[in-house]
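Student: Sharing input-v4.cif here; it has mmCIF, C-alpha atoms and all ligand atoms.
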```cif
data_target
#
loop_
_atom_site.label_atom_id
_atom_site.label_comp_id
_atom_site.auth_asym_id
_atom_site.auth_seq_id
_atom_site.Cartn_x
_atom_site.Cartn_y
_atom_site.Cartn_z
CA MET A 1 0.00 0.00 0.00
CA ARG A 2 2.75 2.42 0.88
CA LEU A 3 4.54 1.62 -2.35
CA SER A 4 1.50 2.29 -4.51
CA ARG A 5 0.79 5.56 -2.69
CA SER A 6 4.40 6.67 -3.26
CA LEU A 7 4.05 5.87 -6.93
CA VAL A 8 0.92 8.00 -7.19
CA LEU A 9 2.66 10.90 -5.48
CA CYS A 10 5.65 10.47 -7.74
CA SER A 11 3.55 10.49 -10.89
CA MET A 12 1.74 13.67 -9.77
CA VAL A 13 4.97 15.46 -8.90
CA GLY A 14 6.43 14.26 -12.16
CA VAL A 15 4.15 16.65 -14.04
CA LEU A 16 6.20 19.53 -12.67
CA ALA A 17 9.61 17.93 -12.21
CA ALA A 18 11.52 14.83 -13.10
CA CYS A 19 10.73 12.00 -10.75
CA SER A 20 13.82 10.18 -9.64
CA SER A 21 13.80 7.17 -7.33
CA SER A 22 17.29 8.17 -6.21
CA SER A 23 16.24 11.63 -5.09
CA PRO A 24 17.75 12.30 -1.63
CA THR A 25 14.77 14.48 -0.75
CA ALA A 26 12.11 11.80 -1.33
CA VAL A 27 9.77 11.60 1.67
CA THR A 28 7.99 8.42 2.64
CA PRO A 29 4.40 9.31 3.51
CA ALA A 30 3.50 8.67 7.14
CA PRO A 31 1.27 5.63 7.55
CA PRO A 32 -2.34 6.61 8.15
CA VAL A 33 -3.46 6.55 11.77
CA SER A 34 -5.74 3.57 12.25
CA THR A 35 -9.25 4.36 13.38
CA ARG A 36 -9.86 0.74 14.29
CA PHE A 37 -10.36 0.45 18.04
CA SER A 38 -7.49 -1.31 19.76
CA ILE A 39 -6.90 -2.67 23.24
CA GLN A 40 -3.20 -2.58 24.06
CA VAL A 41 -2.28 -4.55 27.16
CA ILE A 42 0.96 -3.67 28.95
CA PHE A 43 1.87 -6.05 31.77
CA LEU A 44 3.26 -4.37 34.89
CA SER A 45 5.14 -7.52 35.81
CA THR A 46 5.83 -10.80 34.05
CA PRO A 47 2.41 -12.44 33.74
CA SER A 48 1.71 -16.07 34.42
CA ALA A 49 1.00 -18.03 31.24
CA ALA A 50 -2.64 -18.50 32.28
CA PHE A 51 -3.13 -14.78 32.85
CA GLN A 52 -1.53 -13.78 29.57
CA LEU A 53 -3.52 -16.39 27.64
CA ALA A 54 -6.80 -15.28 29.17
CA MET A 55 -6.01 -11.60 28.54
CA ASP A 56 -5.31 -12.39 24.89
CA SER A 57 -8.69 -14.14 24.60
CA VAL A 58 -10.53 -11.25 26.21
CA VAL A 59 -8.81 -8.65 24.00
CA LYS A 60 -9.81 -10.63 20.91
CA ARG A 61 -13.37 -11.00 22.16
CA LEU A 62 -13.87 -7.31 22.94
CA THR A 63 -12.04 -5.85 19.93
CA ALA A 64 -14.39 -7.91 17.77
CA ILE A 65 -17.34 -6.32 19.58
CA VAL A 66 -15.98 -2.75 19.83
CA THR A 67 -14.62 -1.70 16.46
CA ALA A 68 -14.31 2.09 16.78
CA GLY A 69 -14.72 4.99 19.15
CA PRO A 70 -16.72 8.14 18.49
CA ALA A 71 -15.60 10.60 15.81
CA GLY A 72 -12.17 12.01 16.56
CA TYR A 73 -11.44 9.14 18.92
CA PRO A 74 -7.83 8.44 17.94
CA ILE A 75 -5.62 10.87 19.78
CA SER A 76 -1.90 11.40 19.71
CA MET A 77 0.11 11.64 22.88
CA SER A 78 3.34 13.58 22.58
CA ALA A 79 6.43 12.48 24.46
CA ALA A 80 5.96 15.42 26.83
CA ASP A 81 2.31 14.49 27.47
CA ALA A 82 3.23 10.85 27.98
CA ALA A 83 5.79 11.81 30.60
CA SER A 84 3.44 14.23 32.32
CA TYR A 85 0.47 11.84 32.47
CA THR A 86 2.70 8.96 33.50
CA THR A 87 3.43 10.91 36.68
CA THR A 88 -0.31 11.26 37.28
CA ILE A 89 -1.29 7.62 36.75
CA ARG A 90 1.52 6.44 39.02
CA LYS A 91 0.16 8.35 41.98
CA THR A 92 -1.80 6.72 44.74
CA THR A 93 -4.22 9.15 46.29
CA ALA A 94 -6.40 9.13 49.38
CA ASN A 95 -9.28 7.64 47.40
CA GLY A 96 -7.12 5.13 45.58
CA GLY A 97 -5.89 6.95 42.50
CA CYS A 98 -4.47 4.64 39.89
CA GLY A 99 -1.36 3.63 41.78
CA LEU A 100 0.30 2.34 38.61
CA GLY A 101 3.69 2.75 40.23
CA ASN A 102 5.89 1.31 37.51
CA ALA A 103 3.75 2.15 34.48
CA THR A 104 5.13 4.20 31.61
CA LEU A 105 2.74 5.62 29.04
CA PRO A 106 3.85 5.19 25.44
CA SER A 107 3.77 8.28 23.22
CA GLY A 108 2.09 8.19 19.83
CA ALA A 109 -1.35 7.25 18.54
CA TYR A 110 -4.08 6.03 20.88
CA PRO A 111 -6.85 4.61 18.67
CA GLY A 112 -8.34 2.75 21.63
CA ILE A 113 -7.35 2.00 25.18
CA VAL A 114 -4.12 1.07 26.94
CA ILE A 115 -4.63 -1.31 29.86
CA PHE A 116 -1.91 -1.91 32.43
CA ALA A 117 -2.43 -5.44 33.70
CA GLN A 118 -1.02 -7.51 36.52
CA ASP A 119 -1.68 -10.74 38.33
CA THR A 120 -0.60 -10.25 41.87
CA ALA A 121 -0.49 -12.06 45.20
CA THR A 122 -2.55 -9.46 47.00
CA LEU A 123 -4.94 -6.62 46.24
CA GLY A 124 -4.89 -4.91 49.61
CA SER A 125 -7.85 -6.79 51.06
CA ALA A 126 -8.15 -10.54 51.45
CA GLN A 127 -11.65 -10.44 50.00
CA ILE A 128 -10.81 -8.66 46.76
CA ILE A 129 -9.97 -10.81 43.73
CA ALA A 130 -10.00 -8.16 41.00
CA GLN A 131 -9.50 -4.44 40.56
CA ALA A 132 -10.30 -2.74 37.29
CA GLY A 133 -11.34 0.57 35.80
CA PRO A 134 -10.25 3.65 33.88
CA CYS A 135 -7.32 5.80 35.03
CA LEU A 136 -7.23 8.52 32.40
CA VAL A 137 -10.14 9.59 30.22
CA ARG A 138 -10.69 11.64 27.11
CA THR A 139 -12.67 14.86 27.15
CA GLY A 140 -16.22 13.53 27.23
CA GLY A 141 -15.35 10.72 29.57
CA LEU A 142 -14.32 7.65 27.56
CA PRO A 143 -11.14 6.02 28.79
CA ILE A 144 -7.63 6.21 27.35
CA VAL A 145 -5.73 4.37 30.08
CA ALA A 146 -7.01 1.77 32.53
CA SER A 147 -5.79 -0.87 34.93
CA MET A 148 -6.75 -4.50 35.52
CA ARG A 149 -5.35 -6.47 38.42
CA PHE A 150 -6.19 -10.01 39.47
CA ARG A 151 -5.34 -12.16 42.46
CA THR A 152 -3.00 -14.84 41.12
CA ASP A 153 -4.42 -17.58 43.33
CA TYR A 154 -7.91 -17.15 41.86
CA LEU A 155 -6.82 -17.65 38.26
CA ALA A 156 -6.53 -21.43 38.41
CA PRO A 157 -9.88 -22.08 40.17
CA LEU A 158 -11.67 -19.73 37.77
CA ALA A 159 -10.02 -21.46 34.82
CA THR A 160 -10.98 -24.87 36.21
CA ASN A 161 -14.58 -23.64 36.45
CA ASN A 162 -14.35 -22.39 32.87
CA GLN A 163 -15.13 -18.88 34.14
CA LEU A 164 -11.78 -17.08 33.86
CA VAL A 165 -12.35 -15.50 30.45
CA ASP A 166 -15.87 -14.42 31.43
CA VAL A 167 -14.76 -12.82 34.69
CA MET A 168 -11.88 -11.05 32.95
CA THR A 169 -14.24 -9.90 30.19
CA HIS A 170 -16.49 -8.48 32.91
CA GLU A 171 -13.53 -6.56 34.35
CA MET A 172 -12.34 -5.32 30.97
CA LEU A 173 -15.84 -4.03 30.23
CA HIS A 174 -15.55 -1.94 33.41
CA THR A 175 -12.33 -0.45 31.99
CA LEU A 176 -14.02 0.34 28.64
CA GLY A 177 -16.70 2.33 30.40
CA PHE A 178 -19.26 0.00 31.96
CA ASN A 179 -19.26 1.82 35.28
CA SER A 180 -21.38 4.48 36.90
CA THR A 181 -18.77 7.22 36.62
CA ILE A 182 -18.73 7.00 32.84
CA PHE A 183 -22.50 6.42 32.72
CA GLY A 184 -22.63 9.83 34.40
CA THR A 185 -20.57 11.58 31.74
CA ARG A 186 -21.90 10.06 28.49
CA PRO A 187 -23.10 11.45 26.18
CA ASP A 188 -22.77 14.46 28.50
CA SER A 189 -23.26 15.22 32.16
CA ILE A 190 -26.50 17.15 31.50
CA ASN A 191 -28.25 14.14 29.96
CA PRO A 192 -26.30 11.17 31.28
CA LEU A 193 -26.84 7.44 30.77
CA ILE A 194 -27.57 6.88 34.48
CA THR A 195 -30.50 8.14 36.48
CA GLY A 196 -31.15 7.79 40.21
CA ALA A 197 -27.55 6.83 41.07
CA GLY A 198 -27.21 5.82 44.69
CA THR A 199 -30.94 5.20 45.15
CA ASN A 200 -33.19 2.14 44.97
CA THR A 201 -34.33 3.21 41.51
CA THR A 202 -30.89 3.56 39.93
CA ALA A 203 -31.21 2.79 36.22
CA PHE A 204 -29.60 3.00 32.76
CA ARG A 205 -31.21 5.30 30.20
CA GLY A 206 -29.40 4.33 26.97
CA SER A 207 -31.69 3.65 24.02
CA ASN A 208 -29.59 0.94 22.35
CA ALA A 209 -29.46 -1.13 25.53
CA LYS A 210 -33.19 -0.60 26.04
CA ILE A 211 -34.04 -1.73 22.50
CA ALA A 212 -31.96 -4.87 23.03
CA CYS A 213 -33.53 -5.53 26.41
CA LEU A 214 -37.01 -5.30 24.88
CA THR A 215 -36.13 -8.17 22.53
CA PHE A 216 -35.41 -10.55 25.38
CA SER A 217 -37.77 -13.40 25.95
CA PRO A 218 -40.02 -13.65 27.84
CA THR A 219 -40.93 -10.06 27.02
CA VAL A 220 -41.52 -7.98 30.11
CA SER A 221 -41.45 -4.41 28.90
CA ALA A 222 -41.60 -3.02 32.43
CA THR A 223 -38.19 -4.58 33.00
CA CYS A 224 -36.52 -2.52 30.27
CA SER A 225 -38.69 0.53 29.85
CA PRO A 226 -38.54 3.41 30.42
CA THR A 227 -35.14 2.54 31.92
CA ILE A 228 -33.09 -0.57 32.69
CA PRO A 229 -32.58 -1.28 36.38
CA LEU A 230 -29.00 -1.06 37.66
CA GLU A 231 -27.84 -2.76 40.85
CA ASN A 232 -29.24 -1.15 43.98
CA THR A 233 -27.57 -3.35 46.58
CA GLY A 234 -24.02 -4.18 47.59
CA GLY A 235 -22.65 -0.70 48.20
CA SER A 236 -19.85 1.09 46.41
CA GLY A 237 -18.31 -0.90 43.57
CA THR A 238 -21.41 -3.06 43.09
CA ALA A 239 -24.39 -0.72 43.17
CA ASP A 240 -24.85 1.49 40.09
CA ASP A 241 -21.97 -0.25 38.30
CA HIS A 242 -23.85 -3.40 37.16
CA TRP A 243 -27.18 -4.58 35.80
CA ARG A 244 -29.55 -5.51 38.63
CA GLU A 245 -28.88 -9.06 39.75
CA SER A 246 -32.41 -9.71 41.00
CA ILE A 247 -33.69 -9.18 37.44
CA PHE A 248 -30.88 -10.14 35.06
CA LYS A 249 -29.19 -12.87 37.18
CA THR A 250 -26.90 -14.70 34.74
CA GLU A 251 -26.06 -11.78 32.42
CA LEU A 252 -22.32 -11.10 32.39
CA MET A 253 -22.53 -7.54 33.73
CA THR A 254 -24.53 -8.19 36.87
CA GLY A 255 -22.33 -7.93 39.95
CA THR A 256 -22.35 -11.63 40.77
CA ILE A 257 -20.71 -14.76 39.49
CA GLU A 258 -22.85 -17.77 38.69
CA ALA A 259 -22.42 -21.32 39.89
CA ARG A 260 -19.99 -23.50 37.99
CA GLY A 261 -21.45 -24.61 34.69
CA VAL A 262 -23.98 -21.76 34.43
CA LYS A 263 -23.36 -19.66 31.32
CA MET A 264 -22.91 -15.90 31.84
CA PRO A 265 -23.95 -14.43 28.46
CA LEU A 266 -22.55 -11.16 27.14
CA SER A 267 -25.98 -10.07 25.92
CA ALA A 268 -27.20 -7.63 23.29
CA MET A 269 -28.14 -5.30 26.15
CA THR A 270 -24.52 -4.98 27.28
CA ILE A 271 -23.35 -4.49 23.68
CA GLY A 272 -26.13 -1.89 23.33
CA SER A 273 -24.78 -0.08 26.38
CA LEU A 274 -21.38 0.17 24.66
CA ALA A 275 -23.13 1.74 21.66
CA ASP A 276 -24.89 4.14 24.03
CA MET A 277 -21.48 5.19 25.38
CA GLY A 278 -20.46 6.09 21.82
CA TYR A 279 -18.61 3.03 20.57
CA THR A 280 -19.24 1.42 17.20
CA VAL A 281 -20.16 -2.19 17.96
CA THR A 282 -20.81 -5.52 16.30
CA ALA A 283 -24.29 -6.30 17.58
CA SER A 284 -24.33 -9.74 15.97
CA LEU A 285 -21.72 -10.98 18.47
CA ALA A 286 -24.23 -10.88 21.33
CA GLU A 287 -24.65 -14.21 23.09
CA PRO A 288 -28.13 -15.70 23.43
CA TYR A 289 -29.80 -14.54 26.60
CA THR A 290 -33.27 -14.97 28.02
CA LEU A 291 -34.73 -13.31 31.06
CA PRO A 292 -35.04 -15.69 33.99
CA VAL A 293 -38.52 -16.66 35.10
CA GLY A 294 -39.70 -13.89 37.36
CA SER A 295 -37.82 -11.22 35.47
CA SER A 296 -39.29 -8.20 37.16
CA PRO A 297 -39.23 -7.40 40.86
CA LEU A 298 -42.97 -8.03 41.07
CA MET A 299 -42.73 -11.35 39.24
CA ASN A 300 -39.82 -12.32 41.46
CA LEU A 301 -41.99 -11.86 44.51
CA LEU A 302 -44.80 -13.85 42.91
CA ALA A 303 -42.33 -16.61 42.12
CA GLY A 304 -41.23 -16.66 45.75
CA ASP A 305 -37.76 -15.47 44.83
CA ALA A 306 -36.00 -13.03 47.12
CA PRO A 307 -35.48 -9.77 45.20
CA ALA A 308 -31.86 -9.65 46.17
CA ASN A 309 -28.59 -11.09 44.96
CA SER A 310 -28.88 -14.81 44.37
CA GLY A 311 -25.36 -15.39 43.06
CA THR A 312 -22.02 -14.78 44.70
CA PRO A 313 -20.93 -11.15 44.49
CA ILE A 314 -17.74 -10.65 42.50
CA PRO A 315 -15.27 -9.31 45.05
CA GLU A 316 -13.89 -6.45 43.03
CA ILE A 317 -12.85 -2.81 43.21
CA ILE A 318 -13.67 -0.46 40.35
CA THR A 319 -11.09 2.28 39.92
CA ARG A 320 -12.14 5.76 38.81
CA ALA A 321 -10.28 8.04 36.45
CA VAL A 322 -7.91 10.49 38.10
CA ALA A 323 -7.51 12.90 35.19
CA VAL A 324 -8.88 14.03 31.85
CA PHE A 325 -6.33 14.07 29.03
CA ARG A 326 -5.83 17.50 27.48
CA PRO A 327 -2.98 17.54 24.96
CA GLY A 328 -0.20 19.89 25.89
CA GLN A 329 -1.60 20.67 29.30
CA LYS A 330 -0.61 19.52 32.73
CA PRO A 331 -2.95 16.89 34.23
ZN ZN B 1 -18.13 -5.76 38.15
#
```
Produce C-alpha cells that represent the structure in this file.
Ligand SMILES: [Zn+2]
Tutor:
Amino acid sequence: MRLSRSLVLCSMVGVLAACSSSSPTAVTPAPPVSTRFSIQVIFLSTPSAAFQLAMDSVVKRLTAIVTAGPAGYPISMSAADAASYTTTIRKTTANGGCGLGNATLPSGAYPGIVIFAQDTATLGSAQIIAQAGPCLVRTGGLPIVASMRFRTDYLAPLATNNQLVDVMTHEMLHTLGFNSTIFGTRPDSINPLITGAGTNTTAFRGSNAKIACLTFSPTVSATCSPTIPLENTGGSGTADDHWRESIFKTELMTGTIEARGVKMPLSAMTIGSLADMGYTVTASLAEPYTLPVGSSPLMNLLAGDAPANSGTPIPEIITRAVAVFRPGQKP
C-alpha cells in the first residue's frame, strides 16, 4: 500500500519535475493513523501463562465487539504528554488513585485503550480478587488508560470452572466504560446514561441497551422501559456499576458470578450499552440470553424469589479516572 501511494505521489509530482527514485529528498508518507479500536495490554510484571492467555482471549473477544470509538477518537500523545500523564497515573491518592507505580505511558497514537495489567499475590484486602477501571479519560469521559489487576491464586480455580475469560471480560468491560462514573458523563453530564444513582431506583437510560432488552424473551417491557434497572444493593463498587442481579441474574454484567457450569452471556443489552457510550459495535456478536422466570421485581416476589442477589458477588474494586487528558496541558 505504501509503495503504490508513493508511486501516485511520484507520478503527480512528475508533471512539474523529473521524478527520480534516487532523489535524496524523497519523503515516505507517514502511515495513516488507524481508526480501528485497539486494546493494548501492557503487563506491569511478568504475567503467568494463564493470565496472559486469558487476557489475549478477552482482547480478541472485545475488539471484535468494539470496532471504533466516536468521531475524533484516535488521539496522539506527545512524548511530553506521555511523561506528564505517567506521573499522574503512578500516583496513589487518598481515594485510591491509579497507583500504577511502575507504568510508563507510550507516546504516539491512541486509537483505543491502553490497559496496564497484573496478576498479583494481594490486592490490599483478602476479599478482593480483581480491581479494574479507567485511570485517564478523554474529554467527554471515555477512557484512554485503565488498569486491571487479578489475584493470582484465583486464576486457576476460575479457569478450572471455565469462568476465567468471562470474569476477565467483565472486568475489561468496566475499563471500557461500563461503570457508573462514565455512565454519568456520556453522552454528556447534562443528559447522562444513568439516572437515580445511589438510590433504589438507579437505572440506565441508553436507548440501544433498552431496545436490546425489549427483545429478550419472555418479554416484560416493564423490565426494560422506560429505563433498565441497575444494581441497587451491595454498596460502592457493586451498586450502580452493574445490571440488577435480581432481574438479570446470569447476564455477564450483573455484579455476581454464577455457579460453575452456568453460562454468563454477554448479551445484546450490554453491547447496546457500549453503543450508548459512543462506541461502534458488532451487535451480531451478542450471546443468546433470556430473562429468567420472574424477570421483574414483582414477578420475582410472585415466584417466591427473594429480590436480592442470588449469586455470589464478584469481590472487586472499580477504579475511577484520576484525570482528563488534554494535549499539551498539565494533568
Ligand atoms: Zn463488576
Student: Closest to Pro134 in chain A among A:Tyr73, A:Phe204, A:Phe178, A:Phe150, using only C-alpha atoms?
Tutor: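 Counting only C-alpha atoms, the residue closest to Pro134 in chain A is A:Phe178.
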Student: Under the rule that only C-alpha atoms and all ligand atoms are counted, which of A:Met264, A:Leu173, A:Cys98, A:Ile65 is the nearest residue to ligand ZN 1 (chain B)?
Tutor: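 Distance minimum relative to ligand ZN 1 (chain B) lands on A:Leu173.
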Student: Please write out, as lines of an AutoDock Vina configuration file, where the centre of an axis-aligned box around all listed atoms of range 39-47 of chain A lies and how long its edges are, in Å to one decimal, after adding 5 Å on each side.
Tutor:
```
center_x = -0.5
center_y = -7.5
center_z = 29.5
size_x = 22.7
size_y = 19.9
size_z = 22.6
```
Student: Return the single residue from A:Ser221, A:Thr35, A:Thr280, A:Ser236 that is closest to ligand ZN 1 (chain B), with distances computed using all atoms listed in the file.
Tutor: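 Of all the options, A:Ser236 lies closest to ligand ZN 1 (chain B).
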Student: Got a sec to check which residues lie within 9 Å of ligand ZN 1 (chain B), using all atoms listed in the file, and send them as a short mmCIF file (atom, residue, chain, number, x, y, z; two decimals) with C-alpha atoms, in the coordinates of the input?
Tutor:
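Result saved to part15.cif:
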```
data_model
loop_
_atom_site.label_atom_id
_atom_site.label_comp_id
_atom_site.auth_asym_id
_atom_site.auth_seq_id
_atom_site.Cartn_x
_atom_site.Cartn_y
_atom_site.Cartn_z
CA ALA A 130 -10.00 -8.16 41.00
CA ALA A 132 -10.30 -2.74 37.29
CA VAL A 167 -14.76 -12.82 34.69
CA HIS A 170 -16.49 -8.48 32.91
CA GLU A 171 -13.53 -6.56 34.35
CA LEU A 173 -15.84 -4.03 30.23
CA HIS A 174 -15.55 -1.94 33.41
CA PHE A 178 -19.26 0.00 31.96
CA ASN A 179 -19.26 1.82 35.28
CA GLY A 237 -18.31 -0.90 43.57
CA THR A 238 -21.41 -3.06 43.09
CA ASP A 241 -21.97 -0.25 38.30
CA HIS A 242 -23.85 -3.40 37.16
CA LEU A 252 -22.32 -11.10 32.39
CA MET A 253 -22.53 -7.54 33.73
CA THR A 254 -24.53 -8.19 36.87
CA GLY A 255 -22.33 -7.93 39.95
CA THR A 256 -22.35 -11.63 40.77
CA PRO A 313 -20.93 -11.15 44.49
CA ILE A 314 -17.74 -10.65 42.50
CA PRO A 315 -15.27 -9.31 45.05
CA GLU A 316 -13.89 -6.45 43.03
CA ILE A 317 -12.85 -2.81 43.21
CA ILE A 318 -13.67 -0.46 40.35
#
```
